[in-house]
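Engineer: One structure, as structure tokens, below. Some questions next.
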Amino acid sequence: LQAGSRTVLRDIGSNNGGGAGTDPKDYAVELNITNFDEVLKDTPATYAIVEFFAHWCPACRNYKPHYEKVARLFNGPEAVHPGIILMTRVDCALKINTKLCDKFSVGHYPMLFWAPPTKFVSAGWEPNQAKSEIRLIDDGRTAERLLNWINKQIGSSYGLDDEKFENEHLPSNISDPGQIARAIYDVEEATTTAFDIILVHKMIKSETRASLIKYLQLLVAHHPSRRCRKGSAEVLVNFDDLCPPDMWSSDRHEVATNNVKEVLSNFQICGKEVPRGYWMFCRGSKNYTRGFSCGLWVLMHSLSVRIEDGESQFAFTAICDFIHNFFICEECRQHFYEMCSRVTSPFSKARDFALWLWSAHNEVNERLIKEEASLETADPKFPKIIWPPKQLCPSCYHPRGSKDKGSSQIEWDQDEVFKFLISYYGNTLVSLYKEKGFLAEDGTKATLDDLVASTNAVVVPLGAALAIALASCAFGALACYWRSQQKNRKYYHQLHSLKNI
Ligand SMILES: Cc1cc2nc3c(=O)[nH]c(=O)nc-3n(C[C@H](O)[C@H](O)[C@H](O)COP(=O)(O)OP(=O)(O)OC[C@H]3O[C@@H](n4cnc5c(N)ncnc54)[C@H](O)[C@@H]3O)c2cc1C
């Protein structure tokens with residue numbers, strides 16, 4: 001198992017154990033000392049179970065089918081209840097894990113622990129520890145008993161026979177503003193899914209190239225997830241070299257497009273953990289509802305509340321062009337572009353752009369309310385509504401306003417709506433992330449520091465990217481970073497030629 005590599009988290013997503021002696025059909029994720037902290041720190045799951053076992057122990061072998069029966073419910077892309085509990089195991093019979101098992105005072109096999117995942121990071125457990133947040137699972141000898149124990153802990157009623165999308169457990173409480181905190185994972189998932197779709201469908205061409213660069217610039221500066229900012233910066237900094245504008249100038253368009261796909265596939269735009277293969281905030285209660293398009297909306301709103309006034313027109317065109325060129329749902333992109341085309345004067349305030357996007361989304365909602373009612377295609381737990389509902393933002397509704405019908409007929413207090421958007425898609429969206437320490441004090445600086453640390457490939461001109469660049473700190477810093485790399489590169493070449501003399 002490659003430590004900390006995409007494979008590790010793919011294991012969570014694809015059920016392929018990959019570790020020594022791991023059955024490829026395993027749902028529980030095998031961890032070892034090299035990836036233990038990292039996987040538990042990064043998982044979006046609310047809880048984790050760690051089973052300490054030894055591969056030679058016959059009781060552990062007999063226990064495995066029980067543990068797997070429960071893990072099937074929670075792990076992997078086919079999980080019935082994804083993102084709630086990450087079920088893992090550590091083989092204490094492997095020498096590299098000795099220290100780890102010692103830290104948890106593993107005295108018998110199998111031994112199971114329960115805690116929020118981050119509590120396991122750099123932690124340990126002792127039998128007489130008075131107030132540990134890590135709990136020993138003392139009644140999990142069979143699959144039924146383990147699931148009972150879990151149900152008691154979190155007040156759930158999961159059953160071993162639960163099947164996908166037949167569950168009643170989805171939190172569809174729209175009046176809970178805290179729900180959006182889970183969407184940070186969906187925003188990452190949507191960013192990666194969009195990038196993968198662009199590559200798989202070979203959508204980068206001479207006529208769409210500039211639009212992608214613009215969008216990447218927006219992500220580098222304002223994506224709410226630090227690792228997506230970093231990943232987008234890596235793509236952007238290398239873009240001109242990998243996909244030069246003259247790449248399509250010969251007759252061999254097909255070859256050029258294939259090459260682009262090949263070289264960009266090596267980038268992980270939101271880091272090695274993503275995509276995970278499931279949705280959290282955007283998970284529908286029926287198969288194939290919500291998901292990617294919900295994640296994309298959330299991403300766009302979260303970008304719109306992070307830009308500065310001077311970037312509002314840039315953000316507007318970047319998003320409109322991105323949807324037009326790269327959102328593969330034909331009806332959606334046509335409708336959206338039509339709404340974009342209706343805007344006649346350039347945006348000069350971030351507020352105006354955020355409110356425009358909000359009302360454009362409501363226009364789509366309004367249309368879909370009717371469409372989904374007649375076609376019966378709505379997700380029963382998440383019917384379309386004019387948003388935000390009163391329960392979520394009472395002050396968004398003018399007290400003297402008419403009874404809520406369509407968005408256009410509601411008398412909105414737009415100052416309050418804007419305030420609400422900022423708080424919902426700004427701070428609340430990243431609150432879980434902050435808790436986990438994924439956000440740096442200064443996102444931009446951290447991005448560049450990380451870039452310096454992680455990119456040892458020779459960095460190449462930003463060319464077109466810089467030509468469209470904005471007068472914003474992040475882009476300025478990116479340009480500086482690029483320049484410093486150029487200097488290093490020159491220095492390196494000089495040194496190299498000297499050595500060759
Ligand atoms: C650009 C774009 C255009 C689309 N056009 C179409 C189309 O023409 N036809 C079609 O069938 N589908 C279209 N879709 C898909 C559709 O809008 C929904 O994304 C999809 O049906 C999933 O719906 P959902 O219930 O998850 O909520 P979504 O509409 O995806 O919304 C996601 C979340 O955003 C929040 N939200 C809802 N409304 C607003 C708002 N006004 N402002 C801010 N936040 C809000 C809510 O918390 C909601 O759960 C489009 C999607 C996108 C991204």
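Convention: chains lettered A, B, ... in structure tokens order; per-chain residue numbering from 1; ligands numbered from 1 as shown.
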Name the residues in contact with Val187 (chain A) at a cut-off of 8 Å, using only C-alpha atoms, excluding same-chain residues fewer than 2 positions from it; report them as a list in words.

Structural biologist: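 Counting only the stated atoms, we get Ala183, Ile184, Tyr185, Glu189, Ala190, Thr191, Ser225, Gly295, Leu296, Val298 and Leu299 of chain A.
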
Engineer: Let's have the selection written as a tab-separated table (two decimals), in the first residue's frame, with all heavy atoms.

Structural biologist:
chain	number	residue	atom	x	y	z
A	183	ALA	N	-20.73	20.43	2.79
A	183	ALA	CA	-20.62	20.65	1.34
A	183	ALA	C	-19.19	20.96	0.90
A	183	ALA	O	-18.90	20.92	-0.29
A	183	ALA	CB	-21.56	21.75	0.90
A	184	ILE	N	-18.30	21.25	1.83
A	184	ILE	CA	-16.92	21.51	1.42
A	184	ILE	C	-16.37	20.29	0.67
A	184	ILE	O	-15.64	20.40	-0.30
A	184	ILE	CB	-16.02	21.91	2.63
A	184	ILE	CG1	-14.61	22.29	2.17
A	184	ILE	CG2	-15.94	20.81	3.67
A	184	ILE	CD1	-14.52	23.58	1.43
A	185	TYR	N	-16.79	19.10	1.11
A	185	TYR	CA	-16.34	17.88	0.44
A	185	TYR	C	-16.96	17.76	-0.94
A	185	TYR	O	-16.33	17.28	-1.88
A	185	TYR	CB	-16.69	16.65	1.29
A	185	TYR	CG	-15.99	16.67	2.62
A	185	TYR	CD1	-16.66	16.97	3.79
A	185	TYR	CD2	-14.61	16.43	2.68
A	185	TYR	CE1	-16.00	17.01	5.01
A	185	TYR	CE2	-13.94	16.47	3.89
A	185	TYR	CZ	-14.65	16.76	5.05
A	185	TYR	OH	-13.98	16.81	6.25
A	189	GLU	N	-15.37	17.49	-4.59
A	189	GLU	CA	-15.78	16.40	-5.47
A	189	GLU	C	-16.22	16.97	-6.84
A	189	GLU	O	-15.86	16.42	-7.89
A	189	GLU	CB	-16.93	15.62	-4.81
A	189	GLU	CG	-17.27	14.31	-5.45
A	189	GLU	CD	-16.32	13.16	-5.06
A	189	GLU	OE1	-15.45	13.35	-4.19
A	189	GLU	OE2	-16.46	12.08	-5.66
A	190	ALA	N	-16.99	18.06	-6.80
A	190	ALA	CA	-17.49	18.65	-8.04
A	190	ALA	C	-16.35	19.22	-8.88
A	190	ALA	O	-16.34	19.10	-10.10
A	190	ALA	CB	-18.52	19.75	-7.73
A	191	THR	N	-15.37	19.83	-8.21
A	191	THR	CA	-14.23	20.40	-8.93
A	191	THR	C	-13.48	19.30	-9.66
A	191	THR	O	-13.13	19.43	-10.84
A	191	THR	CB	-13.28	21.11	-7.93
A	191	THR	OG1	-14.04	22.01	-7.15
A	191	THR	CG2	-12.16	21.84	-8.64
A	225	SER	N	-11.60	25.39	-0.85
A	225	SER	CA	-10.72	24.32	-0.34
A	225	SER	C	-9.27	24.62	-0.70
A	225	SER	O	-8.93	24.85	-1.85
A	225	SER	CB	-11.13	22.98	-0.94
A	225	SER	OG	-10.03	22.12	-1.03
A	295	GLY	N	-23.28	20.05	-6.55
A	295	GLY	CA	-21.92	20.43	-6.13
A	295	GLY	C	-21.40	21.62	-6.93
A	295	GLY	O	-20.72	22.50	-6.39
A	296	LEU	N	-21.76	21.62	-8.21
A	296	LEU	CA	-21.29	22.71	-9.08
A	296	LEU	C	-21.94	24.04	-8.68
A	296	LEU	O	-21.28	25.08	-8.62
A	296	LEU	CB	-21.67	22.36	-10.53
A	296	LEU	CG	-20.81	22.95	-11.64
A	296	LEU	CD1	-19.34	22.71	-11.41
A	296	LEU	CD2	-21.24	22.36	-12.98
A	298	VAL	N	-23.01	24.81	-5.70
A	298	VAL	CA	-22.42	25.21	-4.41
A	298	VAL	C	-21.03	25.81	-4.64
A	298	VAL	O	-20.66	26.83	-4.04
A	298	VAL	CB	-22.38	24.03	-3.42
A	298	VAL	CG1	-21.71	24.44	-2.11
A	298	VAL	CG2	-23.79	23.52	-3.12
A	299	LEU	N	-20.27	25.20	-5.55
A	299	LEU	CA	-18.94	25.74	-5.87
A	299	LEU	C	-19.07	27.17	-6.40
A	299	LEU	O	-18.37	28.08	-5.96
A	299	LEU	CB	-18.24	24.83	-6.89
A	299	LEU	CG	-16.96	25.40	-7.51
A	299	LEU	CD1	-15.88	25.62	-6.45
A	299	LEU	CD2	-16.41	24.47	-8.60

Engineer: Once you count only C-alpha atoms and all ligand atoms, which residues end up within 6 Å of ligand 1, and could you hand them over as a PDB file with C-alpha atoms, in the first residue's frame?

Structural biologist:
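Final file, out-v9.pdb:
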ATOM      1  CA  CYS A 282     -25.462  16.924  -2.218  1.00  0.00           C
ATOM      2  CA  ARG A 290     -28.497  15.777  -7.017  1.00  0.00           C
ATOM      3  CA  SER A 293     -24.876  19.540 -10.542  1.00  0.00           C
ATOM      4  CA  CYS A 294     -25.653  20.398  -6.904  1.00  0.00           C
ATOM      5  CA  LEU A 296     -21.294  22.710  -9.076  1.00  0.00           C
ATOM      6  CA  TRP A 297     -23.888  25.236  -7.906  1.00  0.00           C
ATOM      7  CA  VAL A 298     -22.424  25.208  -4.410  1.00  0.00           C
ATOM      8  CA  GLU A 331     -30.220  22.171 -21.714  1.00  0.00           C
ATOM      9  CA  CYS A 332     -28.493  23.481 -18.567  1.00  0.00           C
ATOM     10  CA  ARG A 333     -25.670  25.195 -20.369  1.00  0.00           C
ATOM     11  CA  HIS A 335     -30.338  28.117 -20.289  1.00  0.00           C
ATOM     12  CA  PHE A 336     -27.485  29.368 -18.172  1.00  0.00           C
ATOM     13  CA  TRP A 358     -28.419  33.607  -6.546  1.00  0.00           C
ATOM     14  CA  SER A 359     -31.322  34.907  -8.623  1.00  0.00           C
ATOM     15  CA  HIS A 361     -30.220  29.809  -9.601  1.00  0.00           C
ATOM     16  CA  ASN A 362     -33.698  30.669  -8.371  1.00  0.00           C
ATOM     17  CA  VAL A 364     -33.638  27.602 -12.686  1.00  0.00           C
ATOM     18  CA  PHE A 382     -35.171  17.463  -1.770  1.00  0.00           C
ATOM     19  CA  LYS A 384     -36.873  22.299  -5.609  1.00  0.00           C
ATOM     20  CA  TRP A 387     -34.208  29.696  -1.944  1.00  0.00           C
TER      21      TRP A 387
END

Engineer: For Trp248 (chain A), which of A:Ser132, A:Thr98, A:Gln217, A:Thr208 is the closest residue, counting only C-alpha atoms?

Structural biologist: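 Answer, going by the shortest atom-to-atom distance: A:Thr208.
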
Engineer: Take CA of Ile49 (chain A) and CA of Glu126 (chain A) and report the distance between them in Å, one decimal.

Structural biologist: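 The value is 16.6 Å.
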
Engineer: Measure the distance from CA of His301 (chain A) to CA of Ala354 (chain A) in Å and round it to one decimal.

Structural biologist: 7.0 Å

Engineer: Return as a list in words the full set of residues in region 80-174 of chain A whose backbone-based DSSP assignment is helix (DSSP H, G or I).

Structural biologist: Lys95, Ile96, Asn97, Thr98, Lys99, Leu100, Cys101, Asp102, Lys103, Pro117, Thr118, Lys119, Phe120, Ala143, Glu144, Arg145, Leu146, Leu147, Asn148, Trp149, Ile150, Asn151, Lys152, Gln153 and Ile154 of chain A

Engineer: Which one of A:Asn238, A:Trp56, A:Leu303, A:His66 sits closest to Ala93 (chain A) if you count only C-alpha atoms?

Structural biologist: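 Of the candidates, the smallest distance to Ala93 (chain A) is held by A:Trp56.
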
Engineer: Separation of CA of Phe316 (chain A) and CA of Ile410 (chain A), in Å?

Structural biologist: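 If I compute the distance from CA of Phe316 (chain A) to CA of Ile410 (chain A), I get 24.8 Å.
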
Engineer: Write out as JSON, numbers by chain which residues come within 8 Å of Arg89 (chain A) when counting only C-alpha atoms, dropping same-chain ones fewer than 2 positions away.

Structural biologist: {"A": [28, 29, 30, 31, 50, 51, 52, 53, 87, 91]}

Engineer: Atoms to include: N, CA and C atoms. Write the selected residues as a PDB file, in the first residue's frame.

Structural biologist:
ATOM      1  N   ALA A  28     -13.665  -2.709   4.585  1.00  0.00           N
ATOM      2  CA  ALA A  28     -12.877  -1.996   5.589  1.00  0.00           C
ATOM      3  C   ALA A  28     -11.522  -1.644   4.981  1.00  0.00           C
ATOM      4  N   VAL A  29     -11.006  -0.501   5.380  1.00  0.00           N
ATOM      5  CA  VAL A  29      -9.766  -0.003   4.790  1.00  0.00           C
ATOM      6  C   VAL A  29      -8.593  -0.402   5.669  1.00  0.00           C
ATOM      7  N   GLU A  30      -7.611  -1.083   5.078  1.00  0.00           N
ATOM      8  CA  GLU A  30      -6.465  -1.479   5.890  1.00  0.00           C
ATOM      9  C   GLU A  30      -5.477  -0.325   6.009  1.00  0.00           C
ATOM     10  N   LEU A  31      -5.173   0.021   7.233  1.00  0.00           N
ATOM     11  CA  LEU A  31      -4.235   1.118   7.472  1.00  0.00           C
ATOM     12  C   LEU A  31      -2.952   0.568   8.062  1.00  0.00           C
ATOM     13  N   VAL A  50     -11.596   1.705  14.362  1.00  0.00           N
ATOM     14  CA  VAL A  50     -10.329   1.055  14.038  1.00  0.00           C
ATOM     15  C   VAL A  50     -10.323  -0.317  14.696  1.00  0.00           C
ATOM     16  N   GLU A  51     -10.105  -1.335  13.878  1.00  0.00           N
ATOM     17  CA  GLU A  51      -9.987  -2.683  14.426  1.00  0.00           C
ATOM     18  C   GLU A  51      -8.506  -3.063  14.426  1.00  0.00           C
ATOM     19  N   PHE A  52      -7.975  -3.376  15.592  1.00  0.00           N
ATOM     20  CA  PHE A  52      -6.610  -3.893  15.663  1.00  0.00           C
ATOM     21  C   PHE A  52      -6.713  -5.416  15.662  1.00  0.00           C
ATOM     22  N   PHE A  53      -5.981  -6.064  14.755  1.00  0.00           N
ATOM     23  CA  PHE A  53      -6.050  -7.526  14.657  1.00  0.00           C
ATOM     24  C   PHE A  53      -4.669  -8.062  14.304  1.00  0.00           C
ATOM     25  N   MET A  87     -14.670   2.642   8.377  1.00  0.00           N
ATOM     26  CA  MET A  87     -14.267   1.425   9.092  1.00  0.00           C
ATOM     27  C   MET A  87     -12.902   0.966   8.600  1.00  0.00           C
ATOM     28  N   ASP A  91      -3.220  -4.277  11.009  1.00  0.00           N
ATOM     29  CA  ASP A  91      -2.659  -5.600  11.290  1.00  0.00           C
ATOM     30  C   ASP A  91      -1.448  -5.456  12.227  1.00  0.00           C
TER      31      ASP A  91
END

Engineer: Identify, on the basis of only C-alpha atoms, every residue whose closest approach to Cys396 (chain A) does not exceed 10 Å; exclude the query and any residue fewer than 6 positions from it along the same chain; express the result as a list of chain:residue names.

Structural biologist: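 Here the qualifying residues turn out to be A:Trp387, A:Pro388, A:Pro389, A:Lys390, A:Ile410, A:Glu411, A:Trp412, A:Asp413, A:Gln414, A:Asp415, A:Glu416, A:Val417, A:Phe418, A:Lys419, A:Phe420.
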
Engineer: Would you export the selected residues with N, CA and C atoms as a PDB file, in the first residue's frame, please?

Structural biologist:
ATOM      1  N   TRP A 387     -35.215  29.784  -2.994  1.00  0.00           N
ATOM      2  CA  TRP A 387     -34.208  29.696  -1.944  1.00  0.00           C
ATOM      3  C   TRP A 387     -33.635  31.077  -1.581  1.00  0.00           C
ATOM      4  N   PRO A 388     -33.269  31.375  -0.351  1.00  0.00           N
ATOM      5  CA  PRO A 388     -33.391  30.534   0.843  1.00  0.00           C
ATOM      6  C   PRO A 388     -34.820  30.546   1.394  1.00  0.00           C
ATOM      7  N   PRO A 389     -35.277  29.416   1.931  1.00  0.00           N
ATOM      8  CA  PRO A 389     -36.607  29.402   2.536  1.00  0.00           C
ATOM      9  C   PRO A 389     -36.602  30.252   3.808  1.00  0.00           C
ATOM     10  N   LYS A 390     -37.791  30.612   4.219  1.00  0.00           N
ATOM     11  CA  LYS A 390     -37.911  31.475   5.406  1.00  0.00           C
ATOM     12  C   LYS A 390     -37.254  30.860   6.643  1.00  0.00           C
ATOM     13  N   ILE A 410     -41.569  37.443  -4.721  1.00  0.00           N
ATOM     14  CA  ILE A 410     -41.232  37.630  -3.311  1.00  0.00           C
ATOM     15  C   ILE A 410     -40.527  38.965  -3.161  1.00  0.00           C
ATOM     16  N   GLU A 411     -40.884  39.677  -2.111  1.00  0.00           N
ATOM     17  CA  GLU A 411     -40.149  40.915  -1.888  1.00  0.00           C
ATOM     18  C   GLU A 411     -38.943  40.611  -1.006  1.00  0.00           C
ATOM     19  N   TRP A 412     -37.807  40.469  -1.664  1.00  0.00           N
ATOM     20  CA  TRP A 412     -36.590  40.103  -0.940  1.00  0.00           C
ATOM     21  C   TRP A 412     -35.951  41.329  -0.317  1.00  0.00           C
ATOM     22  N   ASP A 413     -35.335  41.145   0.822  1.00  0.00           N
ATOM     23  CA  ASP A 413     -34.442  42.168   1.337  1.00  0.00           C
ATOM     24  C   ASP A 413     -33.046  41.770   0.866  1.00  0.00           C
ATOM     25  N   GLN A 414     -32.601  42.376  -0.215  1.00  0.00           N
ATOM     26  CA  GLN A 414     -31.382  41.893  -0.874  1.00  0.00           C
ATOM     27  C   GLN A 414     -30.122  42.081  -0.021  1.00  0.00           C
ATOM     28  N   ASP A 415     -30.134  43.109   0.838  1.00  0.00           N
ATOM     29  CA  ASP A 415     -28.975  43.261   1.733  1.00  0.00           C
ATOM     30  C   ASP A 415     -28.869  42.052   2.650  1.00  0.00           C
ATOM     31  N   GLU A 416     -30.031  41.629   3.127  1.00  0.00           N
ATOM     32  CA  GLU A 416     -30.057  40.474   4.033  1.00  0.00           C
ATOM     33  C   GLU A 416     -29.696  39.192   3.278  1.00  0.00           C
ATOM     34  N   VAL A 417     -30.177  39.077   2.038  1.00  0.00           N
ATOM     35  CA  VAL A 417     -29.844  37.892   1.232  1.00  0.00           C
ATOM     36  C   VAL A 417     -28.323  37.830   1.043  1.00  0.00           C
ATOM     37  N   PHE A 418     -27.747  38.965   0.705  1.00  0.00           N
ATOM     38  CA  PHE A 418     -26.298  38.982   0.484  1.00  0.00           C
ATOM     39  C   PHE A 418     -25.549  38.602   1.760  1.00  0.00           C
ATOM     40  N   LYS A 419     -25.998  39.178   2.881  1.00  0.00           N
ATOM     41  CA  LYS A 419     -25.372  38.836   4.172  1.00  0.00           C
ATOM     42  C   LYS A 419     -25.462  37.338   4.421  1.00  0.00           C
ATOM     43  N   PHE A 420     -26.652  36.810   4.133  1.00  0.00           N
ATOM     44  CA  PHE A 420     -26.861  35.381   4.356  1.00  0.00           C
ATOM     45  C   PHE A 420     -25.953  34.532   3.441  1.00  0.00           C
TER      46      PHE A 420
END

Engineer: Would you give me, as a ChimeraX atom specification, the residues in region 49-243 of chain A that DSSP reads as strand (DSSP E or B)?

Structural biologist: /A:49-53,85-91,111-115,135-136

Engineer: Might you pull out every residue within 9 Å of region 149-151 of chain A, with only C-alpha atoms counted and same-chain residues fewer than 6 positions away left off, and present them as JSON, numbers by chain?

Structural biologist: {"A": [137, 138, 139, 140, 157, 158]}

Engineer: Those residues you just picked out, can you put them in a file as a PDB file, in the first residue's frame with all heavy atoms?

Structural biologist:
ATOM      1  N   ILE A 137     -14.822  -0.442  21.897  1.00  0.00           N
ATOM      2  CA  ILE A 137     -16.128  -1.056  21.599  1.00  0.00           C
ATOM      3  C   ILE A 137     -16.156  -2.408  22.313  1.00  0.00           C
ATOM      4  O   ILE A 137     -15.419  -3.326  21.950  1.00  0.00           O
ATOM      5  CB  ILE A 137     -16.330  -1.226  20.080  1.00  0.00           C
ATOM      6  CG1 ILE A 137     -16.268   0.141  19.394  1.00  0.00           C
ATOM      7  CG2 ILE A 137     -17.652  -1.927  19.774  1.00  0.00           C
ATOM      8  CD1 ILE A 137     -16.453   0.116  17.899  1.00  0.00           C
ATOM      9  N   ASP A 138     -16.990  -2.470  23.338  1.00  0.00           N
ATOM     10  CA  ASP A 138     -16.927  -3.656  24.197  1.00  0.00           C
ATOM     11  C   ASP A 138     -18.000  -4.692  23.837  1.00  0.00           C
ATOM     12  O   ASP A 138     -18.096  -5.735  24.471  1.00  0.00           O
ATOM     13  CB  ASP A 138     -17.066  -3.238  25.666  1.00  0.00           C
ATOM     14  CG  ASP A 138     -18.277  -2.327  25.859  1.00  0.00           C
ATOM     15  OD1 ASP A 138     -19.046  -2.166  24.895  1.00  0.00           O
ATOM     16  OD2 ASP A 138     -18.443  -1.772  26.964  1.00  0.00           O
ATOM     17  N   ASP A 139     -18.818  -4.371  22.845  1.00  0.00           N
ATOM     18  CA  ASP A 139     -19.859  -5.336  22.506  1.00  0.00           C
ATOM     19  C   ASP A 139     -20.057  -5.392  20.991  1.00  0.00           C
ATOM     20  O   ASP A 139     -21.088  -4.988  20.463  1.00  0.00           O
ATOM     21  CB  ASP A 139     -21.173  -4.923  23.200  1.00  0.00           C
ATOM     22  CG  ASP A 139     -22.199  -6.041  23.120  1.00  0.00           C
ATOM     23  OD1 ASP A 139     -21.810  -7.173  22.748  1.00  0.00           O
ATOM     24  OD2 ASP A 139     -23.375  -5.778  23.401  1.00  0.00           O
ATOM     25  N   GLY A 140     -19.035  -5.886  20.305  1.00  0.00           N
ATOM     26  CA  GLY A 140     -19.131  -5.934  18.839  1.00  0.00           C
ATOM     27  C   GLY A 140     -18.751  -7.293  18.300  1.00  0.00           C
ATOM     28  O   GLY A 140     -18.192  -7.396  17.213  1.00  0.00           O
ATOM     29  N   SER A 157     -30.836   3.904  13.144  1.00  0.00           N
ATOM     30  CA  SER A 157     -31.513   2.607  13.132  1.00  0.00           C
ATOM     31  C   SER A 157     -31.079   1.819  11.906  1.00  0.00           C
ATOM     32  O   SER A 157     -31.898   1.276  11.180  1.00  0.00           O
ATOM     33  CB  SER A 157     -33.020   2.818  13.140  1.00  0.00           C
ATOM     34  OG  SER A 157     -33.362   3.727  12.112  1.00  0.00           O
ATOM     35  N   TYR A 158     -29.772   1.822  11.662  1.00  0.00           N
ATOM     36  CA  TYR A 158     -29.246   1.085  10.511  1.00  0.00           C
ATOM     37  C   TYR A 158     -29.489  -0.411  10.693  1.00  0.00           C
ATOM     38  O   TYR A 158     -29.450  -0.929  11.812  1.00  0.00           O
ATOM     39  CB  TYR A 158     -27.740   1.311  10.366  1.00  0.00           C
ATOM     40  CG  TYR A 158     -27.340   2.761  10.223  1.00  0.00           C
ATOM     41  CD1 TYR A 158     -26.296   3.292  10.978  1.00  0.00           C
ATOM     42  CD2 TYR A 158     -28.002   3.590   9.320  1.00  0.00           C
ATOM     43  CE1 TYR A 158     -25.925   4.626  10.838  1.00  0.00           C
ATOM     44  CE2 TYR A 158     -27.636   4.920   9.184  1.00  0.00           C
ATOM     45  CZ  TYR A 158     -26.601   5.430   9.946  1.00  0.00           C
ATOM     46  OH  TYR A 158     -26.235   6.737   9.804  1.00  0.00           O
TER      47      TYR A 158
END

Engineer: Could you check the closest approach to Phe326 (chain A) for each of A:Thr43, A:Gln153, A:Ser211, A:Ser105 and tell me which residue wins, using only C-alpha atoms?

Structural biologist: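 The answer is A:Ser211, which sits nearest to Phe326 (chain A).
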
Engineer: Please identify all polymer residues within 7 Å of Pro117 (chain A), counting only C-alpha atoms, omitting same-chain residues fewer than 4 positions from it, and present them as a PDB file with all heavy atoms, in the first residue's frame.

Structural biologist:
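Contents of the output file result-v8.pdb:
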ATOM      1  N   LEU A  40      -7.080   9.159   8.470  1.00  0.00           N
ATOM      2  CA  LEU A  40      -8.074   9.522   9.474  1.00  0.00           C
ATOM      3  C   LEU A  40      -8.270  11.038   9.569  1.00  0.00           C
ATOM      4  O   LEU A  40      -9.335  11.519   9.904  1.00  0.00           O
ATOM      5  CB  LEU A  40      -7.705   8.926  10.829  1.00  0.00           C
ATOM      6  CG  LEU A  40      -7.943   7.407  10.854  1.00  0.00           C
ATOM      7  CD1 LEU A  40      -7.160   6.743  11.965  1.00  0.00           C
ATOM      8  CD2 LEU A  40      -9.429   7.085  10.993  1.00  0.00           C
ATOM      9  N   LYS A  41      -7.244  11.777   9.228  1.00  0.00           N
ATOM     10  CA  LYS A  41      -7.372  13.233   9.249  1.00  0.00           C
ATOM     11  C   LYS A  41      -8.214  13.708   8.060  1.00  0.00           C
ATOM     12  O   LYS A  41      -8.978  14.665   8.163  1.00  0.00           O
ATOM     13  CB  LYS A  41      -5.977  13.863   9.188  1.00  0.00           C
ATOM     14  CG  LYS A  41      -5.964  15.321   9.499  1.00  0.00           C
ATOM     15  CD  LYS A  41      -4.547  15.835   9.593  1.00  0.00           C
ATOM     16  CE  LYS A  41      -4.504  17.250   9.057  1.00  0.00           C
ATOM     17  NZ  LYS A  41      -3.250  17.598   8.432  1.00  0.00           N
ATOM     18  N   THR A  46     -17.944  11.179   9.776  1.00  0.00           N
ATOM     19  CA  THR A  46     -18.100  11.800  11.089  1.00  0.00           C
ATOM     20  C   THR A  46     -17.454  10.948  12.182  1.00  0.00           C
ATOM     21  O   THR A  46     -16.983  11.468  13.183  1.00  0.00           O
ATOM     22  CB  THR A  46     -19.604  11.969  11.396  1.00  0.00           C
ATOM     23  OG1 THR A  46     -20.229  12.482  10.218  1.00  0.00           O
ATOM     24  CG2 THR A  46     -19.853  12.916  12.543  1.00  0.00           C
ATOM     25  N   TYR A  47     -17.479   9.618  12.007  1.00  0.00           N
ATOM     26  CA  TYR A  47     -16.892   8.716  13.000  1.00  0.00           C
ATOM     27  C   TYR A  47     -15.962   7.729  12.304  1.00  0.00           C
ATOM     28  O   TYR A  47     -16.050   7.521  11.090  1.00  0.00           O
ATOM     29  CB  TYR A  47     -17.994   7.908  13.713  1.00  0.00           C
ATOM     30  CG  TYR A  47     -19.054   8.768  14.324  1.00  0.00           C
ATOM     31  CD1 TYR A  47     -20.262   8.984  13.663  1.00  0.00           C
ATOM     32  CD2 TYR A  47     -18.845   9.388  15.558  1.00  0.00           C
ATOM     33  CE1 TYR A  47     -21.238   9.794  14.221  1.00  0.00           C
ATOM     34  CE2 TYR A  47     -19.821  10.199  16.112  1.00  0.00           C
ATOM     35  CZ  TYR A  47     -21.012  10.402  15.434  1.00  0.00           C
ATOM     36  OH  TYR A  47     -21.961  11.211  15.985  1.00  0.00           O
ATOM     37  N   ALA A  48     -15.101   7.132  13.116  1.00  0.00           N
ATOM     38  CA  ALA A  48     -14.250   6.067  12.576  1.00  0.00           C
ATOM     39  C   ALA A  48     -14.198   4.914  13.567  1.00  0.00           C
ATOM     40  O   ALA A  48     -14.329   5.107  14.782  1.00  0.00           O
ATOM     41  CB  ALA A  48     -12.847   6.598  12.328  1.00  0.00           C
TER      42      ALA A  48
END

Engineer: What's around Glu338 (chain A) at 12 Å? Count only C-alpha atoms, leave out sequence neighbours fewer than 6 positions away in its own chain, and write the answer as a list in words.

Structural biologist: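 Returned residues: Cys320, Asp321, Ile323, His324, Glu331, Cys332, Thr344, Ala360, Glu363 and Val364 of chain A.
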